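Next comes final22.cif, with mmCIF, C-alpha atoms.
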```cif
data_my_file
loop_
_atom_site.label_atom_id
_atom_site.label_comp_id
_atom_site.auth_asym_id
_atom_site.auth_seq_id
_atom_site.Cartn_x
_atom_site.Cartn_y
_atom_site.Cartn_z
CA MET A 1 114.37 112.46 108.78
CA ARG A 2 115.81 115.39 106.88
CA ASN A 3 114.42 118.32 104.94
CA ILE A 4 114.94 119.04 101.25
CA MET A 5 113.75 121.76 98.91
CA ILE A 6 111.56 120.91 95.91
CA ASN A 7 110.27 123.36 93.33
CA SER A 8 107.03 121.65 92.38
CA CYS A 9 104.66 118.88 93.35
CA PRO A 10 105.66 115.63 91.59
CA ILE A 11 102.00 114.67 91.16
CA CYS A 12 100.14 117.78 89.97
CA GLY A 13 103.10 119.98 89.01
CA LEU A 14 102.04 122.92 91.18
CA GLY A 15 105.06 125.09 91.96
CA TYR A 16 106.35 126.71 95.13
CA ILE A 17 106.09 123.64 97.34
CA GLY A 18 109.15 124.57 99.37
CA THR A 19 110.33 122.18 102.06
CA ALA A 20 109.61 118.45 101.93
CA VAL A 21 110.67 115.76 104.39
CA ILE A 22 112.66 112.64 103.53
CA LEU A 23 111.71 109.82 105.88
CA GLU A 24 113.95 107.02 107.07
CA ASN A 25 112.42 104.68 104.48
CA GLU A 26 113.53 107.12 101.74
CA LYS A 27 110.01 108.30 101.04
CA ILE A 28 109.36 111.99 100.52
CA ARG A 29 106.53 113.53 102.52
CA ILE A 30 104.95 116.46 100.70
CA ASN A 31 102.24 119.00 101.52
CA CYS A 32 100.72 120.41 98.34
CA GLU A 33 98.09 123.15 98.21
CA ARG A 34 96.27 121.32 95.43
CA CYS A 35 96.76 117.61 96.19
CA GLY A 36 96.98 117.72 99.96
CA SER A 37 99.41 115.67 102.05
CA PHE A 38 101.04 112.53 100.68
CA GLU A 39 104.28 110.61 100.51
CA ILE A 40 106.04 108.98 97.60
CA ALA A 41 109.27 107.04 97.15
CA LYS A 42 112.18 109.33 96.32
CA GLU A 43 113.05 107.49 93.10
CA TYR A 44 109.54 108.11 91.77
CA GLU A 45 109.74 111.81 92.52
CA THR A 46 112.92 112.13 90.46
CA LEU A 47 111.61 110.38 87.33
CA LYS A 48 112.10 112.59 84.28
CA GLU A 49 109.12 111.13 82.42
CA ARG A 50 106.33 110.80 84.93
CA PRO A 51 103.96 108.05 83.79
CA TRP A 52 101.04 109.48 85.75
CA SER A 53 101.00 112.68 83.67
CA GLU A 54 97.80 111.78 81.78
CA VAL A 55 95.87 111.06 84.97
CA ARG A 56 97.66 113.38 87.39
CA HIS A 57 94.40 115.23 88.11
CA LEU A 58 92.80 111.94 89.18
CA VAL A 59 95.78 110.99 91.35
CA SER A 60 95.54 114.42 92.95
CA ALA A 61 91.82 113.93 93.55
CA TRP A 62 92.50 110.52 95.11
CA ILE A 63 95.02 112.02 97.54
CA LYS A 64 92.51 114.71 98.51
CA ARG A 65 89.81 112.08 99.08
CA GLU A 66 92.18 110.01 101.22
CA ASN A 67 93.01 113.09 103.31
CA LYS A 68 89.30 113.76 103.85
CA ALA A 69 89.02 110.16 105.07
CA LYS A 70 91.68 111.04 107.71
CA ILE A 71 94.47 109.20 105.88
CA MET A 72 96.99 111.99 106.11
CA TYR A 73 99.93 110.70 104.06
CA PRO A 74 98.69 108.19 101.45
CA ASP A 75 101.14 106.80 98.91
CA PRO A 76 99.71 106.83 95.35
CA THR A 77 102.20 104.11 94.34
CA HIS A 78 101.29 101.81 97.22
CA GLY A 79 101.49 98.17 96.22
CA ALA A 80 103.23 98.80 92.90
CA GLY A 81 106.66 97.58 91.95
CA PHE A 82 108.99 100.00 90.20
CA GLY A 83 108.30 98.37 86.86
CA ASN A 84 104.57 98.89 87.24
CA VAL A 85 104.78 102.47 88.37
CA ASN A 86 106.78 103.34 85.25
CA SER A 87 103.87 102.25 83.08
CA PRO A 88 101.23 104.82 82.08
CA GLU A 89 98.83 101.91 81.65
CA TRP A 90 99.23 101.02 85.32
CA TRP A 91 98.32 104.53 86.39
CA ALA A 92 95.35 104.66 84.03
CA THR A 93 94.09 101.33 85.37
CA GLN A 94 94.52 102.39 88.98
CA TYR A 95 92.96 105.84 88.79
CA GLN A 96 90.69 106.12 85.78
CA TYR A 97 87.64 104.47 87.33
CA LEU A 98 87.46 105.73 90.89
CA GLY A 99 84.16 107.56 90.55
CA PHE A 100 85.42 111.12 90.15
CA PRO A 101 83.29 113.53 88.07
CA GLU A 102 83.73 112.98 84.35
CA THR A 103 81.01 114.78 82.41
CA THR A 104 80.41 118.52 82.42
CA SER A 105 77.19 118.12 84.39
CA GLU A 106 78.91 115.95 87.00
CA LYS A 107 81.71 118.50 87.39
CA LEU A 108 79.26 121.40 87.66
CA ASN A 109 77.31 119.58 90.35
CA ALA A 110 80.47 118.62 92.23
CA LEU A 111 81.83 122.17 92.09
CA LEU A 112 78.60 123.70 93.33
CA VAL A 113 78.47 121.27 96.25
CA ALA A 114 82.16 121.92 97.01
CA TYR A 115 81.51 125.67 97.07
CA GLY A 116 78.58 125.09 99.41
CA ASP A 117 80.74 123.00 101.75
CA TYR A 118 83.43 125.69 101.66
CA THR A 119 81.02 128.28 103.10
CA LYS A 120 80.27 126.04 106.12
CA GLY A 121 76.68 127.22 106.04
CA ASP A 122 77.45 130.96 105.88
CA TYR A 123 75.08 132.23 103.19
CA ASN A 124 76.99 135.53 102.98
CA ALA A 125 80.39 133.91 102.40
CA ASP A 126 82.28 134.47 99.16
CA VAL A 127 83.75 131.57 97.20
CA LYS A 128 86.40 131.52 94.51
CA PRO A 129 88.29 129.08 92.29
CA ALA A 130 91.18 127.76 94.37
CA TYR A 131 93.80 125.06 94.02
CA SER A 132 92.21 123.08 96.85
CA ILE A 133 88.94 122.99 94.88
CA VAL A 134 90.71 121.64 91.78
CA SER A 135 91.43 118.27 93.36
CA GLU A 136 88.14 118.31 95.25
CA ILE A 137 86.24 117.79 91.98
CA GLY A 138 88.94 116.02 89.95
CA ALA A 139 89.42 118.99 87.60
CA LYS A 140 92.49 119.10 85.36
CA ASP A 141 93.58 122.58 86.45
CA ILE A 142 92.36 125.80 88.03
CA GLU A 143 91.43 127.16 84.61
CA GLU A 144 88.85 124.40 84.31
CA VAL A 145 87.42 125.36 87.71
CA SER A 146 87.23 128.99 86.58
CA GLY A 147 85.43 127.97 83.40
CA LEU A 148 82.98 125.79 85.31
CA SER A 149 82.34 128.66 87.73
CA GLY A 150 81.42 130.85 84.78
CA LEU A 151 78.93 128.22 83.62
CA LEU A 152 77.41 128.14 87.11
CA VAL A 153 76.95 131.92 86.83
CA GLN A 154 75.20 131.48 83.48
CA ALA A 155 72.96 128.82 85.03
CA GLY A 156 71.94 131.24 87.77
CA TYR A 157 73.54 129.31 90.63
CA LEU A 158 76.39 131.77 91.29
CA ALA A 159 76.63 135.55 91.05
CA PRO A 160 79.80 137.66 90.85
CA SER A 161 80.69 139.14 94.23
CA LYS A 162 81.36 142.86 94.70
CA ARG A 163 84.55 142.00 96.56
CA SER A 164 87.62 143.53 94.93
CA GLY A 165 90.77 141.68 93.93
CA ASP A 166 90.49 138.06 92.79
CA THR A 167 87.34 136.72 91.16
CA PHE A 168 84.84 135.90 93.90
CA TYR A 169 81.29 134.59 93.75
CA LYS A 170 78.29 134.30 96.01
CA ILE A 171 75.96 131.32 95.92
CA GLY A 172 72.47 132.52 95.01
CA VAL A 173 69.07 131.24 96.06
CA GLN A 174 68.87 128.85 93.13
CA GLY A 175 72.37 127.64 93.92
CA TRP A 176 71.50 126.75 97.51
CA LEU A 177 68.30 125.02 96.40
CA ARG A 178 70.30 123.04 93.84
CA ILE A 179 72.86 122.02 96.48
CA GLU A 180 70.06 120.78 98.71
CA GLU A 181 68.59 118.87 95.79
CA LEU A 182 71.93 117.26 94.92
CA LYS A 183 72.63 116.18 98.49
CA LYS A 184 69.14 114.77 98.82
CA ALA A 185 69.47 112.87 95.54
CA LYS A 186 72.74 111.37 96.73
CA ILE A 187 71.02 109.56 99.58
CA SER A 188 67.55 108.95 98.14
CA SER A 189 68.33 106.74 95.13
CA ASN A 190 66.28 103.56 94.89
CA LEU A 191 68.94 101.67 92.93
CA VAL A 192 70.90 98.84 94.54
CA PHE A 193 74.05 97.50 92.90
CA VAL A 194 74.59 93.74 93.33
CA ALA A 195 78.23 92.62 93.05
CA MET A 196 78.37 88.86 92.63
CA TRP A 197 79.83 85.89 90.78
CA PHE A 198 77.81 85.15 87.65
CA SER A 199 77.52 81.37 87.49
CA ASP A 200 74.95 78.61 87.59
CA ILE A 201 76.11 78.13 91.19
CA THR A 202 74.73 81.53 92.17
CA LEU A 203 71.55 81.57 90.07
CA ASN A 204 69.26 80.87 93.03
CA TYR A 205 71.19 83.43 95.09
CA ARG A 206 70.51 86.04 92.43
CA ASN A 207 66.78 85.32 92.46
CA THR A 208 66.54 85.61 96.24
CA VAL A 209 68.52 88.86 96.34
CA VAL A 210 66.21 90.34 93.71
CA ALA A 211 63.21 89.29 95.80
CA ALA A 212 64.67 90.82 98.97
CA VAL A 213 65.68 94.09 97.34
CA GLU A 214 62.31 94.56 95.62
CA TYR A 215 60.45 93.67 98.83
CA CYS A 216 62.28 96.56 100.53
CA GLY A 217 61.21 98.99 97.82
CA TYR A 218 64.44 99.19 95.79
CA LYS A 219 65.46 98.34 92.25
CA PRO A 220 68.29 95.79 91.93
CA ILE A 221 70.99 96.45 89.34
CA ILE A 222 72.84 93.33 88.17
CA VAL A 223 75.49 94.15 85.60
CA ASP A 224 75.12 91.16 83.30
CA GLN A 225 71.43 92.02 82.81
CA GLN A 226 72.18 95.51 81.48
CA GLU A 227 72.71 96.60 77.89
CA TYR A 228 75.91 98.61 77.50
CA ASN A 229 76.88 101.10 74.84
CA ASP A 230 80.22 102.08 76.38
CA PHE A 231 83.13 100.28 77.96
CA ILE A 232 81.64 98.11 80.70
CA MET A 233 83.77 99.48 83.54
CA ASN A 234 82.53 103.01 82.89
CA GLN A 235 79.01 101.66 83.29
CA VAL A 236 79.90 99.79 86.48
CA VAL A 237 81.32 102.96 88.02
CA SER A 238 78.30 104.99 86.92
CA LEU A 239 75.83 102.45 88.34
CA ILE A 240 77.65 102.23 91.67
CA LYS A 241 77.69 106.02 91.92
CA GLN A 242 73.94 106.13 91.27
CA SER A 243 73.10 103.37 93.76
CA ARG A 244 71.83 103.90 97.29
CA PHE A 245 73.87 100.96 98.60
CA LEU A 246 75.64 97.82 97.40
CA ILE A 247 75.25 94.11 98.14
CA ALA A 248 78.50 92.16 97.69
CA ASP A 249 78.62 88.37 97.67
CA PHE A 250 82.05 86.84 98.32
CA THR A 251 81.19 83.26 97.35
CA SER A 252 84.07 81.41 95.65
CA ARG A 253 85.23 77.94 94.65
CA PRO A 254 88.61 76.14 94.52
CA GLU A 255 90.82 77.24 91.65
CA PHE A 256 91.65 74.93 88.75
CA GLU A 257 93.46 75.38 85.45
CA LYS A 258 91.80 74.82 82.09
CA ASP A 259 93.18 75.67 78.65
CA GLY A 260 95.93 77.71 80.25
CA TYR A 261 93.54 79.81 82.35
CA VAL A 262 92.81 79.70 86.08
CA LYS A 263 89.11 79.16 86.73
CA ASN A 264 87.00 79.82 89.85
CA GLY A 265 88.83 81.24 92.86
CA VAL A 266 88.21 84.56 94.59
CA ARG A 267 86.04 86.97 92.61
CA GLY A 268 88.29 89.99 92.17
CA GLY A 269 85.52 92.02 90.56
CA VAL A 270 83.35 91.76 93.68
CA TYR A 271 86.19 93.08 95.85
CA TRP A 272 86.80 95.90 93.37
CA GLU A 273 83.14 96.93 93.24
CA ALA A 274 82.74 96.77 97.02
CA GLY A 275 85.88 98.89 97.43
CA MET A 276 84.52 101.41 94.95
CA ALA A 277 81.29 101.68 96.94
CA TYR A 278 83.17 102.12 100.22
CA GLY A 279 85.31 104.82 98.60
CA LEU A 280 82.14 106.67 97.61
CA GLY A 281 80.86 106.50 101.18
CA LYS A 282 78.09 104.00 100.46
CA THR A 283 76.84 101.19 102.68
CA VAL A 284 77.95 97.71 101.60
CA ILE A 285 76.08 94.61 102.81
CA HIS A 286 78.30 91.50 102.77
CA THR A 287 77.01 88.02 101.96
CA CYS A 288 78.74 84.70 101.26
CA GLU A 289 77.92 81.03 100.82
CA ASP A 290 78.36 79.12 104.06
CA ASN A 291 81.00 76.53 103.16
CA LEU A 292 84.72 76.13 103.78
CA ASP A 293 85.67 76.84 100.16
CA SER A 294 84.18 80.33 100.41
CA ARG A 295 84.90 81.08 104.06
CA ASN A 296 88.59 80.19 103.76
CA ARG A 297 89.02 82.49 100.76
CA ILE A 298 87.55 85.65 102.28
CA HIS A 299 90.34 88.18 102.66
CA PHE A 300 91.27 89.00 106.25
CA ASP A 301 90.30 92.68 105.92
CA VAL A 302 86.88 91.82 104.48
CA GLY A 303 86.35 89.11 107.08
CA GLN A 304 86.15 91.78 109.78
CA TYR A 305 82.76 92.92 108.46
CA ASN A 306 79.42 91.45 109.53
CA THR A 307 78.54 88.93 106.81
CA ILE A 308 75.24 87.15 106.14
CA PHE A 309 76.15 83.56 105.29
CA TRP A 310 73.76 81.43 103.25
CA LYS A 311 73.21 77.80 102.34
CA GLU A 312 71.52 76.61 99.17
CA GLU A 313 68.49 75.31 101.06
CA GLU A 314 67.97 78.79 102.58
CA LEU A 315 67.56 80.48 99.20
CA LYS A 316 63.81 80.99 99.24
CA THR A 317 61.93 83.80 97.57
CA GLU A 318 59.20 83.50 100.22
CA ILE A 319 59.29 86.35 102.73
CA ARG A 320 57.11 85.92 105.79
CA PRO A 321 55.73 88.99 107.63
CA LEU A 322 58.63 90.53 109.52
CA ASP A 323 56.44 91.58 112.43
CA GLN A 324 55.92 87.92 113.26
CA SER A 325 58.57 86.12 115.26
CA THR A 326 60.48 83.67 113.06
CA SER A 327 62.77 81.20 114.80
CA ASN A 328 64.41 79.98 111.60
CA PRO A 329 64.52 82.80 109.01
CA ASN A 330 65.68 81.96 105.52
CA PHE A 331 68.44 83.93 103.80
CA THR A 332 66.03 86.26 102.01
CA GLU A 333 64.37 87.22 105.28
CA LYS A 334 67.75 87.84 106.90
CA LEU A 335 68.75 90.08 104.00
CA VAL A 336 65.47 91.99 104.16
CA ALA A 337 65.93 92.55 107.88
CA ARG A 338 69.50 93.82 107.34
CA ILE A 339 68.42 96.23 104.58
CA LEU A 340 65.57 97.67 106.62
CA ALA A 341 67.74 98.00 109.72
CA THR A 342 70.72 99.68 108.04
CA ILE A 343 69.16 101.55 105.10
CA GLY A 344 65.40 101.69 105.64
CA LYS A 345 62.46 101.24 103.31
CA GLY A 346 62.79 102.44 99.73
CA GLY A 347 60.34 104.70 97.97
#
```

So that I can check it, write out the structure of this file as structure tokens.
Amino acid sequence: MRNIMINSCPICGLGYIGTAVILENEKIRINCERCGSFEIAKEYETLKERPWSEVRHLVSAWIKRENKAKIMYPDPTHGAGFGNVNSPEWWATQYQYLGFPETTSEKLNALLVAYGDYTKGDYNADVKPAYSIVSEIGAKDIEEVSGLSGLLVQAGYLAPSKRSGDTFYKIGVQGWLRIEELKKAKISSNLVFVAMWFSDITLNYRNTVVAAVEYCGYKPIIVDQQEYNDFIMNQVVSLIKQSRFLIADFTSRPEFEKDGYVKNGVRGGVYWEAGMAYGLGKTVIHTCEDNLDSRNRIHFDVGQYNTIFWKEEELKTEIRPLDQSTSNPNFTEKLVARILATIGKGG
């Protein structure tokens, strides 16, 4: 390893980084006040035209989220070849739909909660716009955080502090009540997102999952039953963010080619949606059809999780009283038991 001097963060552009470390694998390890700690291949750092420019605030937010998850030096280009990482489209695809705040209301809520977390429960503590907060809420720059802080003042959640120097705020009574409300809403949603393969093969599965979810007091959300006005992936992200937990079914079938397209196979969308839910800190219940075609195609990492396997003959909408001993529960009863044990009864 050896040290080098860099003038600015290659991701967010923040200056005065100072010393960075070049590792033996020729990656640069950087500690940025805004992004956090990360590493990136040296050739990417030296690109004149950085293809992540349009989504750099989202990449920065992703690094911060990884750090909070105790991943201290994530690589934002992980898994990408050099050709891919030079493409702005690749960066947009990777980082545009990761559940970071998008609307003004989402950003205001996220900023208020971030300020509350910053105080660590000290009601007398001052808060201020800071570079670390920028990536915390996925803001584009510190000016946006300052503007949002002003809106929180207008809404009555913050009040200017009497502290001299930089602009400081105190969280008011209404602000603390709003923070409590937001944190409660985050865990009290009655929506359940169901990630699954939409096929005649899984029609009975869908019906039994709906029965189980509704029995437990929740509302199932199945994407192909929704009406969308916007791009579907925006809606998927929004629905996952609103959901209390997610049920992911990893059923698959052997691949075959038809009209130049590969049919069946592993359902990439299910993996993507489950990963999104995990990234948002939500519980994911795994299910899968109990046959070799499906079992052999479950990715090794996913296979480590406790999965409820089902057979077609177990897909019953009948749910017997759970306080009665059942020696041979059907799939729906197993799913109900898992929901109640891990999440609890819905409202």

Selection result for the PyMOL selection byres ((chain A and resi 42) around 10) on this file, as a VMD selection string: chain A and resid 22 to 23 25 to 29 39 to 41 43 to 47

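For Gly15 (chain A), the non-local neighbours within 10 Å, defined as residues at least 3 positions apart in the same chain or in other chains and counting all atoms listed in the file, are Ile6, Asn7, Ser8, Cys9, Pro10, Cys12, Gly18, Cys32 and Glu33 of chain A.
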
Picked residues, the PyMOL selection byres ((chain A and resi 215) around 12), as an MDAnalysis selection string: chainID A and resid 208:214 216:220 317:322 332:333 335:337 339:340 344:347

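Separating CA of His57 (chain A) from CA of Lys140 (chain A) is a distance of 5.1 Å.
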
Separation of CA of Ala20 (chain A) from CA of Ile4 (chain A) in Å: 5.4 Å

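Comparing the minimum interatomic distances between Gly269 (chain A) and each of A:Ser132, A:Gln154, A:Thr251, A:Asn330, counting all atoms listed in the file, we find that A:Thr251 sits nearest.
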
Top pick for closest residue to Ala139 (chain A), considering A:Lys334, A:Arg34, A:Lys183, A:Arg206 and counting only C-alpha atoms: A:Arg34

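Straight-line separation from CA of Arg244 (chain A) to CA of Ser189 (chain A): 5.0 Å.
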
So which residues get picked by the PyMOL selection byres ((chain A and resi 112) around 12) here, written as a PDB file with C-alpha atoms, keeping the file's coordinate frame?
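The result, written out as selection-v3.pdb:
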```pdb
ATOM      1  CA  SER A 105      77.190 118.120  84.390  1.00  0.00           C
ATOM      2  CA  GLU A 106      78.910 115.950  87.000  1.00  0.00           C
ATOM      3  CA  LYS A 107      81.710 118.500  87.390  1.00  0.00           C
ATOM      4  CA  LEU A 108      79.260 121.400  87.660  1.00  0.00           C
ATOM      5  CA  ASN A 109      77.310 119.580  90.350  1.00  0.00           C
ATOM      6  CA  ALA A 110      80.470 118.620  92.230  1.00  0.00           C
ATOM      7  CA  LEU A 111      81.830 122.170  92.090  1.00  0.00           C
ATOM      8  CA  VAL A 113      78.470 121.270  96.250  1.00  0.00           C
ATOM      9  CA  ALA A 114      82.160 121.920  97.010  1.00  0.00           C
ATOM     10  CA  TYR A 115      81.510 125.670  97.070  1.00  0.00           C
ATOM     11  CA  GLY A 116      78.580 125.090  99.410  1.00  0.00           C
ATOM     12  CA  ASP A 117      80.740 123.000 101.750  1.00  0.00           C
ATOM     13  CA  TYR A 118      83.430 125.690 101.660  1.00  0.00           C
ATOM     14  CA  THR A 119      81.020 128.280 103.100  1.00  0.00           C
ATOM     15  CA  VAL A 127      83.750 131.570  97.200  1.00  0.00           C
ATOM     16  CA  LYS A 128      86.400 131.520  94.510  1.00  0.00           C
ATOM     17  CA  PRO A 129      88.290 129.080  92.290  1.00  0.00           C
ATOM     18  CA  ILE A 133      88.940 122.990  94.880  1.00  0.00           C
ATOM     19  CA  GLU A 136      88.140 118.310  95.250  1.00  0.00           C
ATOM     20  CA  ILE A 137      86.240 117.790  91.980  1.00  0.00           C
ATOM     21  CA  VAL A 145      87.420 125.360  87.710  1.00  0.00           C
ATOM     22  CA  LEU A 148      82.980 125.790  85.310  1.00  0.00           C
ATOM     23  CA  SER A 149      82.340 128.660  87.730  1.00  0.00           C
ATOM     24  CA  GLY A 150      81.420 130.850  84.780  1.00  0.00           C
ATOM     25  CA  LEU A 151      78.930 128.220  83.620  1.00  0.00           C
ATOM     26  CA  LEU A 152      77.410 128.140  87.110  1.00  0.00           C
ATOM     27  CA  VAL A 153      76.950 131.920  86.830  1.00  0.00           C
ATOM     28  CA  ALA A 155      72.960 128.820  85.030  1.00  0.00           C
ATOM     29  CA  GLY A 156      71.940 131.240  87.770  1.00  0.00           C
ATOM     30  CA  TYR A 157      73.540 129.310  90.630  1.00  0.00           C
ATOM     31  CA  LEU A 158      76.390 131.770  91.290  1.00  0.00           C
ATOM     32  CA  TYR A 169      81.290 134.590  93.750  1.00  0.00           C
ATOM     33  CA  LYS A 170      78.290 134.300  96.010  1.00  0.00           C
ATOM     34  CA  ILE A 171      75.960 131.320  95.920  1.00  0.00           C
ATOM     35  CA  GLY A 172      72.470 132.520  95.010  1.00  0.00           C
ATOM     36  CA  GLN A 174      68.870 128.850  93.130  1.00  0.00           C
ATOM     37  CA  GLY A 175      72.370 127.640  93.920  1.00  0.00           C
ATOM     38  CA  TRP A 176      71.500 126.750  97.510  1.00  0.00           C
ATOM     39  CA  LEU A 177      68.300 125.020  96.400  1.00  0.00           C
ATOM     40  CA  ARG A 178      70.300 123.040  93.840  1.00  0.00           C
ATOM     41  CA  ILE A 179      72.860 122.020  96.480  1.00  0.00           C
ATOM     42  CA  GLU A 180      70.060 120.780  98.710  1.00  0.00           C
ATOM     43  CA  GLU A 181      68.590 118.870  95.790  1.00  0.00           C
ATOM     44  CA  LEU A 182      71.930 117.260  94.920  1.00  0.00           C
ATOM     45  CA  LYS A 183      72.630 116.180  98.490  1.00  0.00           C
TER      46      LYS A 183
END
```

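Considering all atoms listed in the file, the residue among A:Tyr131, A:Phe100, A:Phe38, A:Phe256 positioned nearest to Leu14 (chain A) is A:Tyr131.
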